[in-house]
Amino acid sequence: MSASELLQASEGNNSGTGILNGVEVLVFDVFGTVVDWRTSVTKELERLGKRYGLSDSPQDWLEFTNEWRKAYMENTFRISQGGEGSLSVDIIHRESLDKMLSSSRWSHVGEVLDEPARADLNYIWHRLDGWPDTVPALHAFKANPEAKPIILAALSNGNLRLLVDMAKHVGLPWDVVLSTALFGTYKPNPNVYLSALSHLSLSSTPHKAVMVAAHLFDLRGAKGVGMKTVYVRRPGEDVFRSTHGIEAKELEQTDYVDAVIDDFTELVKLF
């Protein structure tokens with residue numbers, strides 16, 4: 001079934017497609033796929049602005065958030081391609097934050113934030129809220145007898161402490177948390193997906209693992225090592241795909257997406 005046919009199916013009832021029959025592990029991207037980083041960080045910045053009496057508008061803070069995230073994407077991709085840099089997202093976030101706060105546009109924010117305030121702001125990435133469907137759907141999926149014994153795994157560029165803190169903050173029912181920092185690189189380096197498969201004892205049967213993500217570059221990387229793939233639509237999440245050398249294809253034109261869903265409640269229908 002082509003991606004365009006899958007799109008049409010997802011717009012119908014898409015019930016019982018069987019696309020994921022035989023899958024033993026669901027592997028989830030986290031930033032943007034499971035948690036809504038854009039809304040979470042922007043709201044934190046709005047609260048910070050009010051606390052310090054700053055005149056920036058909600059749109060200003062949204063642009064701050066997007067600039068911060070773009071710096072993360074650019075740095076992790078560069079390192080994934082063999083470039084130098086930290087394997088801790090906390091460090092990348094903090095370096096990017098300090099650089100922004102010293103820029104002409106955001107220097108007025110930097111002037112009011114002392115070290116403790118900057119450190120606390122940087123940790124907002126540990127406290128991101130989930131998309132509305134995320135937590136209920138994952139818990140329901142684990143409780144569904146037809147879905148067992150599916151393993152739910154996080155596979156993220158986030159460092160391990162960040163991912164654990166986020167899971168506890170949101171209530172994510174992961175069976176295992178895999179940070180790319182453990183593998184010495186970032187997505188979409190193939191070693192990330194190969195190492196995850198190895199730890200999940202699926203190196204020889206990668207088709208028994210499915211990557212669930214809201215980013216085409218992530219799915220292309222997973223499909224490249226033999227994993228199945230599910231694209232979940234999330235607002236604005238492929239805006240940075242050109243950063244990863246991915247041409248601006250429409251979803252219908254891809255050949256590395258096995259299924260398309262609107263939210264996590266539709267996952268169980270794919271089995």
# chains A, B, ... in the order shown; residues from 1 in each chain; ligands from 1
call {"tool": "select_by_dssp", "arguments": {"residues": "stretch 151-221 of chain A", "states": "strand (DSSP E)", "output": "list in words"}}
result
Ile151, Leu152, Ala153, Ala154, Leu155, Ser156, Val176, Val177, Leu178, Ser179, Ala209, Val210, Met211, Val212 and Ala213 of chain A
call {"tool": "write_last_selection", "arguments": {"atoms": "N, CA, C and O atoms", "output": "PDB file, in the first residue's frame"}}
result
ATOM      1  N   ILE A 151       6.131  -4.012  23.734  1.00  0.00           N
ATOM      2  CA  ILE A 151       6.993  -3.169  24.554  1.00  0.00           C
ATOM      3  C   ILE A 151       6.890  -1.739  24.051  1.00  0.00           C
ATOM      4  O   ILE A 151       6.952  -1.492  22.846  1.00  0.00           O
ATOM      5  N   LEU A 152       6.723  -0.798  24.962  1.00  0.00           N
ATOM      6  CA  LEU A 152       6.702   0.616  24.619  1.00  0.00           C
ATOM      7  C   LEU A 152       8.047   1.227  24.986  1.00  0.00           C
ATOM      8  O   LEU A 152       8.430   1.243  26.156  1.00  0.00           O
ATOM      9  N   ALA A 153       8.762   1.713  23.986  1.00  0.00           N
ATOM     10  CA  ALA A 153      10.110   2.235  24.200  1.00  0.00           C
ATOM     11  C   ALA A 153      10.226   3.666  23.705  1.00  0.00           C
ATOM     12  O   ALA A 153       9.711   4.008  22.640  1.00  0.00           O
ATOM     13  N   ALA A 154      10.914   4.488  24.480  1.00  0.00           N
ATOM     14  CA  ALA A 154      11.258   5.840  24.027  1.00  0.00           C
ATOM     15  C   ALA A 154      12.636   5.788  23.391  1.00  0.00           C
ATOM     16  O   ALA A 154      13.548   5.154  23.921  1.00  0.00           O
ATOM     17  N   LEU A 155      12.788   6.449  22.250  1.00  0.00           N
ATOM     18  CA  LEU A 155      14.095   6.576  21.598  1.00  0.00           C
ATOM     19  C   LEU A 155      14.247   8.028  21.199  1.00  0.00           C
ATOM     20  O   LEU A 155      13.641   8.490  20.233  1.00  0.00           O
ATOM     21  N   SER A 156      15.059   8.755  21.955  1.00  0.00           N
ATOM     22  CA  SER A 156      15.102  10.207  21.798  1.00  0.00           C
ATOM     23  C   SER A 156      16.521  10.743  21.856  1.00  0.00           C
ATOM     24  O   SER A 156      17.409  10.138  22.466  1.00  0.00           O
ATOM     25  N   VAL A 176      10.900   0.934  28.515  1.00  0.00           N
ATOM     26  CA  VAL A 176      12.340   1.172  28.423  1.00  0.00           C
ATOM     27  C   VAL A 176      12.560   2.562  27.835  1.00  0.00           C
ATOM     28  O   VAL A 176      11.781   3.029  27.004  1.00  0.00           O
ATOM     29  N   VAL A 177      13.618   3.228  28.317  1.00  0.00           N
ATOM     30  CA  VAL A 177      13.981   4.558  27.822  1.00  0.00           C
ATOM     31  C   VAL A 177      15.384   4.469  27.222  1.00  0.00           C
ATOM     32  O   VAL A 177      16.338   4.092  27.902  1.00  0.00           O
ATOM     33  N   LEU A 178      15.488   4.808  25.942  1.00  0.00           N
ATOM     34  CA  LEU A 178      16.763   4.761  25.232  1.00  0.00           C
ATOM     35  C   LEU A 178      17.137   6.163  24.778  1.00  0.00           C
ATOM     36  O   LEU A 178      16.414   6.786  24.006  1.00  0.00           O
ATOM     37  N   SER A 179      18.269   6.647  25.268  1.00  0.00           N
ATOM     38  CA  SER A 179      18.782   7.945  24.866  1.00  0.00           C
ATOM     39  C   SER A 179      19.880   7.746  23.833  1.00  0.00           C
ATOM     40  O   SER A 179      20.729   6.865  23.969  1.00  0.00           O
ATOM     41  N   ALA A 209      10.016  -4.203  15.024  1.00  0.00           N
ATOM     42  CA  ALA A 209       9.996  -2.922  15.741  1.00  0.00           C
ATOM     43  C   ALA A 209       9.442  -1.867  14.811  1.00  0.00           C
ATOM     44  O   ALA A 209       9.709  -1.875  13.610  1.00  0.00           O
ATOM     45  N   VAL A 210       8.652  -0.953  15.352  1.00  0.00           N
ATOM     46  CA  VAL A 210       8.101   0.128  14.543  1.00  0.00           C
ATOM     47  C   VAL A 210       8.481   1.456  15.177  1.00  0.00           C
ATOM     48  O   VAL A 210       8.406   1.629  16.384  1.00  0.00           O
ATOM     49  N   MET A 211       8.950   2.379  14.347  1.00  0.00           N
ATOM     50  CA  MET A 211       9.268   3.729  14.800  1.00  0.00           C
ATOM     51  C   MET A 211       8.043   4.601  14.614  1.00  0.00           C
ATOM     52  O   MET A 211       7.478   4.690  13.520  1.00  0.00           O
ATOM     53  N   VAL A 212       7.614   5.243  15.694  1.00  0.00           N
ATOM     54  CA  VAL A 212       6.471   6.156  15.658  1.00  0.00           C
ATOM     55  C   VAL A 212       7.015   7.563  15.839  1.00  0.00           C
ATOM     56  O   VAL A 212       7.629   7.874  16.861  1.00  0.00           O
ATOM     57  N   ALA A 213       6.808   8.417  14.853  1.00  0.00           N
ATOM     58  CA  ALA A 213       7.383   9.761  14.906  1.00  0.00           C
ATOM     59  C   ALA A 213       6.568  10.748  14.092  1.00  0.00           C
ATOM     60  O   ALA A 213       5.850  10.371  13.165  1.00  0.00           O
TER      61      ALA A 213
END
call {"tool": "select_by_dssp", "arguments": {"residues": "stretch 168-265 of chain A", "states": "helix (DSSP H, G or I)", "output": "JSON, numbers by chain"}}
result
{"A": [168, 169, 170, 180, 181, 182, 183, 190, 191, 192, 193, 194, 195, 196, 197, 198, 199, 206, 207, 208, 216, 217, 218, 219, 220, 221, 222, 223, 241, 242, 243, 244, 251, 252, 253, 264, 265]}
call {"tool": "residues_around", "arguments": {"residues": "A:Thr185", "least_positions_apart": "3", "cutoff": "7 Å", "atoms": "only C-alpha atoms", "output": "list of chain:residue names"}}
result
A:Ile79, A:Ser80, A:Leu87, A:Thr180, A:Ala181, A:Asn189
call {"tool": "atom_distance", "arguments": {"atom1": "atom CA of A:Lys70", "atom2": "atom CA of A:Val41"}}
result
13.3 Å
call {"tool": "closest_residue", "arguments": {"among": "A:Ile92, A:Leu101, A:Val170, A:Leu113", "to": "A:Leu128", "atoms": "only C-alpha atoms"}}
result
A:Val170
call {"tool": "closest_residue", "arguments": {"among": "A:Val135, A:Met100, A:Leu160, A:Leu182", "to": "A:Arg118", "atoms": "only C-alpha atoms"}}
result
A:Met100
call {"tool": "closest_residue", "arguments": {"among": "A:Gly130, A:Asn144, A:Ser195, A:Pro149", "to": "A:Gly171", "atoms": "only C-alpha atoms"}}
result
A:Gly130
call {"tool": "atom_distance", "arguments": {"atom1": "atom CA of A:Gln81", "atom2": "atom CA of A:Val230"}}
result
24.2 Å
call {"tool": "closest_atom_pairs", "arguments": {"of": "stretch 201-230 of chain A", "to": "stretch 252-263 of chain A", "cutoff": "8 Å", "atoms": "only C-alpha atoms", "output": "tab-separated table"}}
result
residue	atom	partner	partner_atom	distance
A:Leu219	CA	A:Tyr256	CA	6.7
A:Arg220	CA	A:Tyr256	CA	5.7
A:Lys223	CA	A:Tyr256	CA	5.9
A:Lys228	CA	A:Asp258	CA	6.4
A:Thr229	CA	A:Asp258	CA	5.2
A:Val230	CA	A:Ala259	CA	4.8
call {"tool": "write_last_selection", "arguments": {"atoms": "N, CA, C and O atoms", "output": "mmCIF file, in the first residue's frame"}}
result
data_model
loop_
_atom_site.group_PDB
_atom_site.id
_atom_site.type_symbol
_atom_site.label_atom_id
_atom_site.label_comp_id
_atom_site.auth_asym_id
_atom_site.auth_seq_id
_atom_site.Cartn_x
_atom_site.Cartn_y
_atom_site.Cartn_z
ATOM 1 N N LEU A 219 11.706 8.798 10.494
ATOM 2 C CA LEU A 219 11.138 7.596 9.894
ATOM 3 C C LEU A 219 12.013 7.070 8.765
ATOM 4 O O LEU A 219 12.154 5.857 8.592
ATOM 5 N N ARG A 220 12.602 7.971 8.002
ATOM 6 C CA ARG A 220 13.490 7.526 6.938
ATOM 7 C C ARG A 220 14.705 6.809 7.521
ATOM 8 O O ARG A 220 15.150 5.788 6.985
ATOM 9 N N LYS A 223 13.459 3.343 8.747
ATOM 10 C CA LYS A 223 13.174 2.454 7.622
ATOM 11 C C LYS A 223 14.460 1.976 6.961
ATOM 12 O O LYS A 223 14.546 0.847 6.467
ATOM 13 N N LYS A 228 9.679 -0.951 10.732
ATOM 14 C CA LYS A 228 8.430 -0.419 10.220
ATOM 15 C C LYS A 228 8.272 1.007 10.742
ATOM 16 O O LYS A 228 8.915 1.402 11.721
ATOM 17 N N THR A 229 7.397 1.774 10.094
ATOM 18 C CA THR A 229 7.280 3.183 10.459
ATOM 19 C C THR A 229 5.830 3.650 10.486
ATOM 20 O O THR A 229 5.023 3.245 9.649
ATOM 21 N N VAL A 230 5.535 4.509 11.452
ATOM 22 C CA VAL A 230 4.217 5.129 11.566
ATOM 23 C C VAL A 230 4.415 6.630 11.737
ATOM 24 O O VAL A 230 5.124 7.074 12.643
#
call {"tool": "closest_residue", "arguments": {"among": "A:Gly184, A:Pro190, A:Gly18, A:Gly53", "to": "A:Gly85", "atoms": "only C-alpha atoms"}}
result
A:Gly184
call {"tool": "atom_distance", "arguments": {"atom1": "atom CA of A:Gln59", "atom2": "atom CA of A:Arg105"}}
result
13.8 Å
call {"tool": "residues_around", "arguments": {"residues": "stretch 44-47 of chain A", "least_positions_apart": "5", "cutoff": "12 Å", "atoms": "only C-alpha atoms", "output": "PyMOL selection string"}}
result
chain A and resi 37-39+52-66+68+109+113+117-118+120-125+127-129
call {"tool": "write_last_selection", "arguments": {"atoms": "N, CA and C atoms", "output": "compact mmCIF listing (two decimals), in the first residue's frame"}}
result
# COMPACT_ATOMS: atom_id res chain seq x y z
N TRP A 37 6.40 20.37 22.82
CA TRP A 37 7.45 21.26 23.29
C TRP A 37 7.12 22.72 23.01
N ARG A 38 6.53 22.98 21.86
CA ARG A 38 6.30 24.38 21.46
C ARG A 38 5.38 25.11 22.45
N THR A 39 4.26 24.49 22.78
CA THR A 39 3.32 25.12 23.71
C THR A 39 3.91 25.18 25.11
N TYR A 52 9.21 39.06 35.29
CA TYR A 52 10.26 40.07 35.23
C TYR A 52 9.80 41.37 34.59
N GLY A 53 8.51 41.48 34.33
CA GLY A 53 7.98 42.72 33.79
C GLY A 53 8.45 43.04 32.38
N LEU A 54 8.68 42.01 31.58
CA LEU A 54 9.12 42.21 30.20
C LEU A 54 7.91 42.46 29.30
N SER A 55 8.12 43.23 28.25
CA SER A 55 7.01 43.65 27.39
C SER A 55 6.82 42.77 26.17
N ASP A 56 7.54 41.67 26.06
CA ASP A 56 7.43 40.80 24.89
C ASP A 56 6.03 40.21 24.78
N SER A 57 5.56 40.08 23.56
CA SER A 57 4.22 39.55 23.30
C SER A 57 4.26 38.02 23.23
N PRO A 58 3.09 37.36 23.28
CA PRO A 58 3.06 35.90 23.09
C PRO A 58 3.73 35.48 21.79
N GLN A 59 3.57 36.26 20.72
CA GLN A 59 4.23 35.94 19.46
C GLN A 59 5.75 36.02 19.58
N ASP A 60 6.23 37.00 20.34
CA ASP A 60 7.67 37.12 20.58
C ASP A 60 8.20 35.85 21.26
N TRP A 61 7.48 35.41 22.27
CA TRP A 61 7.94 34.23 23.01
C TRP A 61 7.86 32.97 22.16
N LEU A 62 6.86 32.90 21.28
CA LEU A 62 6.79 31.77 20.36
C LEU A 62 8.01 31.77 19.44
N GLU A 63 8.40 32.94 18.98
CA GLU A 63 9.58 33.03 18.12
C GLU A 63 10.85 32.67 18.89
N PHE A 64 10.92 33.03 20.16
CA PHE A 64 12.05 32.63 21.00
C PHE A 64 12.11 31.11 21.08
N THR A 65 10.96 30.50 21.33
CA THR A 65 10.89 29.04 21.43
C THR A 65 11.36 28.37 20.14
N ASN A 66 10.86 28.85 19.01
CA ASN A 66 11.23 28.25 17.73
C ASN A 66 12.72 28.43 17.42
N TRP A 68 15.11 28.69 19.64
CA TRP A 68 15.82 27.79 20.57
C TRP A 68 15.78 26.36 20.04
N VAL A 109 16.30 40.17 27.67
CA VAL A 109 15.92 39.03 28.50
C VAL A 109 17.13 38.55 29.28
N LEU A 113 18.00 37.75 33.65
CA LEU A 113 18.09 36.36 34.08
C LEU A 113 19.46 36.07 34.66
N ALA A 117 18.15 31.50 37.39
CA ALA A 117 16.99 31.64 36.50
C ALA A 117 17.25 30.99 35.16
N ARG A 118 18.46 31.13 34.65
CA ARG A 118 18.80 30.49 33.37
C ARG A 118 18.79 28.98 33.50
N ASP A 120 17.08 27.18 35.60
CA ASP A 120 15.69 26.71 35.74
C ASP A 120 14.97 26.75 34.40
N LEU A 121 15.19 27.82 33.63
CA LEU A 121 14.57 27.91 32.31
C LEU A 121 15.05 26.77 31.42
N ASN A 122 16.33 26.46 31.48
CA ASN A 122 16.87 25.39 30.65
C ASN A 122 16.21 24.05 30.96
N TYR A 123 15.79 23.89 32.21
CA TYR A 123 15.17 22.62 32.62
C TYR A 123 13.70 22.53 32.24
N ILE A 124 13.17 23.55 31.55
CA ILE A 124 11.80 23.43 31.06
C ILE A 124 11.69 22.24 30.12
N TRP A 125 12.79 21.87 29.46
CA TRP A 125 12.76 20.73 28.54
C TRP A 125 12.59 19.41 29.28
N ARG A 127 10.30 19.29 31.64
CA ARG A 127 8.94 19.42 32.17
C ARG A 127 7.91 19.65 31.07
N LEU A 128 8.17 19.14 29.90
CA LEU A 128 7.25 19.35 28.78
C LEU A 128 5.96 18.55 28.98
N ASP A 129 4.86 19.14 28.59
CA ASP A 129 3.56 18.46 28.69
C ASP A 129 3.29 17.64 27.43
call {"tool": "closest_residue", "arguments": {"among": "A:Leu270, A:Trp106, A:Trp131, A:Lys50", "to": "A:Gly32", "atoms": "only C-alpha atoms"}}
result
A:Trp131
call {"tool": "closest_residue", "arguments": {"among": "A:Pro116, A:Lys99, A:Pro132, A:Phe183", "to": "A:His199", "atoms": "only C-alpha atoms"}}
result
A:Phe183
call {"tool": "residues_around", "arguments": {"residues": "A:Val268", "least_positions_apart": "3", "cutoff": "7 Å", "atoms": "only C-alpha atoms", "output": "ChimeraX atom specification"}}
result
/A:141,265,271
